[in-house]
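A short write-up of the structure that comes next.
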Amino acid sequence: WYLPSVGEMKCLVMAAKYGNGQSGPINDILMQVGGQPLISRYYWTSSEEDGKSVYNVSRSGGAPSEDKDEEVPTRAIRQF
């Protein structure tokens, strides 16, 4: 398990929904196996902007940075 990079998280959140806002293939699979869907507004990534900031990825695919001391949800992924 690891914290995904900006690029990896963008792929995940974009596959979590369809353009019309309905649940997409990632969320469908997560719910089928008893997991929680990707629903947070932002998720932290492992990509740092600098020593004090880390990039977040939003459900729209944007990647603003946030201070590391802020509380932002994380979503670890499993390497396979």
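Note on naming: chains are A, B, ... as they come in the structure tokens, residues start from 1 per chain, ligands start from 1 in the order shown.
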- Task: Fewer than 5 positions away in the same chain doesn't count, so skip those; otherwise give me all residues within 12 Å of Asp67 in chain A, counting only C-alpha atoms, as JSON, numbers by chain.
- Result: {"A": [44, 48, 49, 50, 51, 52, 53, 54, 55, 56, 72]}
Go ahead and save the residues from that selection, with all heavy atoms, as an mmCIF file, in the first residue's frame.
data_model
loop_
_atom_site.group_PDB
_atom_site.id
_atom_site.type_symbol
_atom_site.label_atom_id
_atom_site.label_comp_id
_atom_site.auth_asym_id
_atom_site.auth_seq_id
_atom_site.Cartn_x
_atom_site.Cartn_y
_atom_site.Cartn_z
ATOM 1 N N TRP A 44 -5.139 13.916 -0.546
ATOM 2 C CA TRP A 44 -3.711 14.165 -0.564
ATOM 3 C C TRP A 44 -3.015 13.189 -1.476
ATOM 4 O O TRP A 44 -3.464 12.061 -1.665
ATOM 5 C CB TRP A 44 -3.143 13.978 0.838
ATOM 6 C CG TRP A 44 -2.922 15.237 1.588
ATOM 7 C CD1 TRP A 44 -3.225 16.503 1.188
ATOM 8 C CD2 TRP A 44 -2.361 15.359 2.879
ATOM 9 N NE1 TRP A 44 -2.878 17.393 2.157
ATOM 10 C CE2 TRP A 44 -2.351 16.714 3.205
ATOM 11 C CE3 TRP A 44 -1.867 14.463 3.795
ATOM 12 C CZ2 TRP A 44 -1.845 17.190 4.402
ATOM 13 C CZ3 TRP A 44 -1.382 14.928 4.999
ATOM 14 C CH2 TRP A 44 -1.369 16.283 5.288
ATOM 15 N N GLU A 48 5.016 16.310 -3.511
ATOM 16 C CA GLU A 48 5.238 17.541 -2.765
ATOM 17 C C GLU A 48 5.481 18.713 -3.702
ATOM 18 O O GLU A 48 6.114 18.573 -4.742
ATOM 19 C CB GLU A 48 6.443 17.398 -1.846
ATOM 20 C CG GLU A 48 6.259 16.388 -0.745
ATOM 21 C CD GLU A 48 7.470 16.302 0.143
ATOM 22 O OE1 GLU A 48 8.604 16.297 -0.385
ATOM 23 O OE2 GLU A 48 7.288 16.242 1.362
ATOM 24 N N GLU A 49 4.983 19.878 -3.289
ATOM 25 C CA GLU A 49 5.306 21.109 -4.008
ATOM 26 C C GLU A 49 6.636 21.646 -3.485
ATOM 27 O O GLU A 49 7.485 22.098 -4.245
ATOM 28 C CB GLU A 49 4.208 22.147 -3.823
ATOM 29 C CG GLU A 49 4.512 23.439 -4.530
ATOM 30 C CD GLU A 49 3.412 24.471 -4.378
ATOM 31 O OE1 GLU A 49 2.870 24.628 -3.272
ATOM 32 O OE2 GLU A 49 3.114 25.115 -5.385
ATOM 33 N N ASP A 50 6.778 21.590 -2.174
ATOM 34 C CA ASP A 50 8.010 21.997 -1.504
ATOM 35 C C ASP A 50 8.015 21.329 -0.134
ATOM 36 O O ASP A 50 7.205 20.448 0.120
ATOM 37 C CB ASP A 50 8.116 23.525 -1.394
ATOM 38 C CG ASP A 50 6.917 24.169 -0.720
ATOM 39 O OD1 ASP A 50 6.342 23.563 0.218
ATOM 40 O OD2 ASP A 50 6.546 25.286 -1.112
ATOM 41 N N GLY A 51 8.897 21.737 0.757
ATOM 42 C CA GLY A 51 8.999 21.120 2.074
ATOM 43 C C GLY A 51 7.785 21.321 2.962
ATOM 44 O O GLY A 51 7.600 20.595 3.931
ATOM 45 N N LYS A 52 6.941 22.293 2.637
ATOM 46 C CA LYS A 52 5.785 22.601 3.478
ATOM 47 C C LYS A 52 4.446 22.247 2.846
ATOM 48 O O LYS A 52 3.434 22.242 3.519
ATOM 49 C CB LYS A 52 5.770 24.094 3.815
ATOM 50 C CG LYS A 52 6.925 24.543 4.657
ATOM 51 C CD LYS A 52 6.799 26.018 4.967
ATOM 52 C CE LYS A 52 7.967 26.489 5.813
ATOM 53 N NZ LYS A 52 7.845 27.910 6.134
ATOM 54 N N SER A 53 4.430 21.980 1.537
ATOM 55 C CA SER A 53 3.159 21.785 0.827
ATOM 56 C C SER A 53 3.146 20.480 0.045
ATOM 57 O O SER A 53 4.177 20.026 -0.450
ATOM 58 C CB SER A 53 2.907 22.929 -0.153
ATOM 59 O OG SER A 53 2.886 24.169 0.515
ATOM 60 N N VAL A 54 1.954 19.923 -0.060
ATOM 61 C CA VAL A 54 1.742 18.694 -0.815
ATOM 62 C C VAL A 54 0.575 18.926 -1.774
ATOM 63 O O VAL A 54 -0.296 19.751 -1.507
ATOM 64 C CB VAL A 54 1.471 17.509 0.146
ATOM 65 C CG1 VAL A 54 0.168 17.677 0.865
ATOM 66 C CG2 VAL A 54 1.531 16.185 -0.575
ATOM 67 N N TYR A 55 0.571 18.236 -2.904
ATOM 68 C CA TYR A 55 -0.512 18.401 -3.868
ATOM 69 C C TYR A 55 -1.715 17.545 -3.495
ATOM 70 O O TYR A 55 -1.573 16.409 -3.048
ATOM 71 C CB TYR A 55 -0.045 18.039 -5.276
ATOM 72 C CG TYR A 55 0.875 19.071 -5.866
ATOM 73 C CD1 TYR A 55 2.236 18.851 -5.921
ATOM 74 C CD2 TYR A 55 0.375 20.270 -6.345
ATOM 75 C CE1 TYR A 55 3.088 19.804 -6.451
ATOM 76 C CE2 TYR A 55 1.220 21.231 -6.875
ATOM 77 C CZ TYR A 55 2.569 20.988 -6.926
ATOM 78 O OH TYR A 55 3.407 21.943 -7.437
ATOM 79 N N ASN A 56 -2.883 18.123 -3.680
ATOM 80 C CA ASN A 56 -4.155 17.430 -3.510
ATOM 81 C C ASN A 56 -4.762 17.236 -4.886
ATOM 82 O O ASN A 56 -4.479 17.999 -5.797
ATOM 83 C CB ASN A 56 -5.154 18.276 -2.710
ATOM 84 C CG ASN A 56 -4.645 18.646 -1.352
ATOM 85 O OD1 ASN A 56 -4.101 17.816 -0.652
ATOM 86 N ND2 ASN A 56 -4.813 19.896 -0.976
ATOM 87 N N VAL A 72 -6.584 16.747 5.348
ATOM 88 C CA VAL A 72 -7.129 16.407 4.036
ATOM 89 C C VAL A 72 -7.210 14.880 3.974
ATOM 90 O O VAL A 72 -6.273 14.199 4.399
ATOM 91 C CB VAL A 72 -6.228 16.936 2.891
ATOM 92 C CG1 VAL A 72 -6.775 16.535 1.542
ATOM 93 C CG2 VAL A 72 -6.104 18.455 2.983
#
Any idea what's packed within 7 Å of range 11-18 of chain A, counting only C-alpha atoms, ignoring anything in its chain fewer than 3 positions away? Could you give it as a PDB file with C-alpha atoms, in the first residue's frame?
ATOM      1  CA  GLY A   7      -0.906  11.532 -11.770  1.00  0.00           C
ATOM      2  CA  GLU A   8      -2.078   8.269 -10.218  1.00  0.00           C
ATOM      3  CA  GLY A  21     -21.746  12.569 -12.250  1.00  0.00           C
ATOM      4  CA  GLN A  22     -22.875   8.952 -11.919  1.00  0.00           C
ATOM      5  CA  SER A  23     -20.666   6.382 -10.266  1.00  0.00           C
ATOM      6  CA  GLY A  24     -17.930   5.153 -12.603  1.00  0.00           C
ATOM      7  CA  PRO A  25     -15.993   1.888 -12.803  1.00  0.00           C
ATOM      8  CA  ILE A  26     -13.628   2.526  -9.867  1.00  0.00           C
ATOM      9  CA  ASN A  27     -16.439   3.388  -7.440  1.00  0.00           C
ATOM     10  CA  LEU A  38     -14.104   8.006  -3.730  1.00  0.00           C
ATOM     11  CA  ARG A  59     -12.915  15.151  -7.824  1.00  0.00           C
ATOM     12  CA  GLY A  61      -9.067  16.305 -11.426  1.00  0.00           C
TER      13      GLY A  61
END
- helix (DSSP H, G or I) positions in chain A, given as a list of chain:residue names: A:Val6, A:Gly7, A:Glu8, A:Met9, A:Lys10, A:Cys11, A:Leu12, A:Val13, A:Met14, A:Ala15, A:Pro25, A:Ile26, A:Asn27, A:Asp28, A:Ile29, A:Leu30, A:Met31, A:Gln32
Those selected residues, please, written with all heavy atoms and delivered as a compact mmCIF listing (two decimals), in the first residue's frame.
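Output (part_24.txt):
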# COMPACT_ATOMS: atom_id res chain seq x y z
N VAL A 6 0.34 12.51 -7.82
CA VAL A 6 -0.71 13.34 -8.43
C VAL A 6 -1.29 12.66 -9.67
O VAL A 6 -2.50 12.56 -9.82
CB VAL A 6 -0.16 14.74 -8.81
CG1 VAL A 6 -1.13 15.48 -9.70
CG2 VAL A 6 0.12 15.57 -7.58
N GLY A 7 -0.43 12.17 -10.55
CA GLY A 7 -0.91 11.53 -11.77
C GLY A 7 -1.75 10.30 -11.51
O GLY A 7 -2.78 10.08 -12.14
N GLU A 8 -1.32 9.47 -10.56
CA GLU A 8 -2.08 8.27 -10.22
C GLU A 8 -3.44 8.62 -9.63
O GLU A 8 -4.45 8.03 -9.98
CB GLU A 8 -1.29 7.40 -9.24
CG GLU A 8 -0.06 6.77 -9.84
CD GLU A 8 0.85 6.14 -8.81
OE1 GLU A 8 1.03 6.72 -7.71
OE2 GLU A 8 1.41 5.07 -9.11
N MET A 9 -3.46 9.62 -8.73
CA MET A 9 -4.72 9.99 -8.10
C MET A 9 -5.67 10.63 -9.11
O MET A 9 -6.88 10.42 -9.06
CB MET A 9 -4.48 10.92 -6.91
CG MET A 9 -5.74 11.23 -6.12
SD MET A 9 -6.62 9.78 -5.49
CE MET A 9 -5.67 9.40 -4.06
N LYS A 10 -5.14 11.41 -10.05
CA LYS A 10 -5.99 11.99 -11.10
C LYS A 10 -6.67 10.88 -11.90
O LYS A 10 -7.86 10.96 -12.19
CB LYS A 10 -5.18 12.87 -12.04
CG LYS A 10 -4.91 14.25 -11.50
CD LYS A 10 -4.19 15.08 -12.54
CE LYS A 10 -3.93 16.47 -12.06
NZ LYS A 10 -3.30 17.31 -13.08
N CYS A 11 -5.93 9.84 -12.24
CA CYS A 11 -6.51 8.71 -12.97
C CYS A 11 -7.62 8.05 -12.15
O CYS A 11 -8.68 7.72 -12.69
CB CYS A 11 -5.45 7.68 -13.31
SG CYS A 11 -4.31 8.18 -14.60
N LEU A 12 -7.38 7.87 -10.86
CA LEU A 12 -8.38 7.23 -10.01
C LEU A 12 -9.66 8.05 -9.89
O LEU A 12 -10.75 7.52 -10.05
CB LEU A 12 -7.82 6.99 -8.61
CG LEU A 12 -6.85 5.84 -8.47
CD1 LEU A 12 -6.22 5.85 -7.08
CD2 LEU A 12 -7.54 4.51 -8.72
N VAL A 13 -9.52 9.34 -9.60
CA VAL A 13 -10.73 10.14 -9.41
C VAL A 13 -11.50 10.34 -10.71
O VAL A 13 -12.73 10.40 -10.70
CB VAL A 13 -10.47 11.50 -8.72
CG1 VAL A 13 -9.90 11.31 -7.33
CG2 VAL A 13 -9.60 12.41 -9.54
N MET A 14 -10.80 10.39 -11.83
CA MET A 14 -11.50 10.53 -13.11
C MET A 14 -12.24 9.24 -13.47
O MET A 14 -13.30 9.28 -14.09
CB MET A 14 -10.53 10.94 -14.22
CG MET A 14 -9.89 12.32 -13.97
SD MET A 14 -11.02 13.64 -13.48
CE MET A 14 -11.82 13.95 -15.03
N ALA A 15 -11.70 8.09 -13.07
CA ALA A 15 -12.38 6.81 -13.33
C ALA A 15 -13.44 6.50 -12.28
O ALA A 15 -14.20 5.55 -12.42
CB ALA A 15 -11.36 5.68 -13.38
N PRO A 25 -16.48 3.24 -13.04
CA PRO A 25 -15.99 1.89 -12.80
C PRO A 25 -15.20 1.70 -11.51
O PRO A 25 -15.34 0.67 -10.86
CB PRO A 25 -15.12 1.60 -14.02
CG PRO A 25 -14.85 2.92 -14.66
CD PRO A 25 -15.98 3.82 -14.28
N ILE A 26 -14.40 2.67 -11.11
CA ILE A 26 -13.63 2.53 -9.87
C ILE A 26 -14.57 2.47 -8.67
O ILE A 26 -14.47 1.57 -7.82
CB ILE A 26 -12.61 3.67 -9.70
CG1 ILE A 26 -11.55 3.63 -10.80
CG2 ILE A 26 -11.97 3.65 -8.31
CD1 ILE A 26 -10.62 2.44 -10.75
N ASN A 27 -15.50 3.41 -8.56
CA ASN A 27 -16.44 3.39 -7.44
C ASN A 27 -17.33 2.16 -7.48
O ASN A 27 -17.65 1.59 -6.44
CB ASN A 27 -17.27 4.66 -7.40
CG ASN A 27 -16.55 5.80 -6.71
OD1 ASN A 27 -15.56 5.60 -6.03
ND2 ASN A 27 -17.04 7.01 -6.90
N ASP A 28 -17.74 1.73 -8.67
CA ASP A 28 -18.56 0.52 -8.78
C ASP A 28 -17.84 -0.69 -8.18
O ASP A 28 -18.40 -1.45 -7.40
CB ASP A 28 -18.92 0.23 -10.24
CG ASP A 28 -19.91 1.23 -10.82
OD1 ASP A 28 -20.54 1.99 -10.05
OD2 ASP A 28 -20.04 1.26 -12.06
N ILE A 29 -16.56 -0.84 -8.53
CA ILE A 29 -15.79 -1.98 -8.03
C ILE A 29 -15.55 -1.85 -6.53
O ILE A 29 -15.68 -2.83 -5.79
CB ILE A 29 -14.45 -2.11 -8.79
CG1 ILE A 29 -14.74 -2.54 -10.23
CG2 ILE A 29 -13.52 -3.09 -8.11
CD1 ILE A 29 -13.55 -2.44 -11.16
N LEU A 30 -15.21 -0.65 -6.07
CA LEU A 30 -14.99 -0.45 -4.63
C LEU A 30 -16.23 -0.84 -3.83
O LEU A 30 -16.14 -1.51 -2.79
CB LEU A 30 -14.61 1.01 -4.33
CG LEU A 30 -13.20 1.42 -4.71
CD1 LEU A 30 -13.05 2.94 -4.59
CD2 LEU A 30 -12.18 0.71 -3.83
N MET A 31 -17.40 -0.46 -4.30
CA MET A 31 -18.63 -0.78 -3.58
C MET A 31 -18.95 -2.28 -3.67
O MET A 31 -19.45 -2.86 -2.72
CB MET A 31 -19.78 0.08 -4.09
CG MET A 31 -19.62 1.53 -3.67
SD MET A 31 -20.99 2.61 -4.10
CE MET A 31 -20.74 2.78 -5.86
N GLN A 32 -18.64 -2.93 -4.78
CA GLN A 32 -18.89 -4.36 -4.94
C GLN A 32 -18.08 -5.19 -3.95
O GLN A 32 -18.53 -6.23 -3.50
CB GLN A 32 -18.57 -4.83 -6.36
CG GLN A 32 -19.59 -4.44 -7.38
CD GLN A 32 -19.15 -4.82 -8.79
OE1 GLN A 32 -18.21 -5.57 -9.00
NE2 GLN A 32 -19.86 -4.28 -9.78
- Query: Could you work out how far CA of Gln36 in chain A lies from CA of Gln79 in chain A, giving the answer in Å with one decimal?
  - Reply: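 Rounded to one decimal, the two atoms are 18.2 Å apart.
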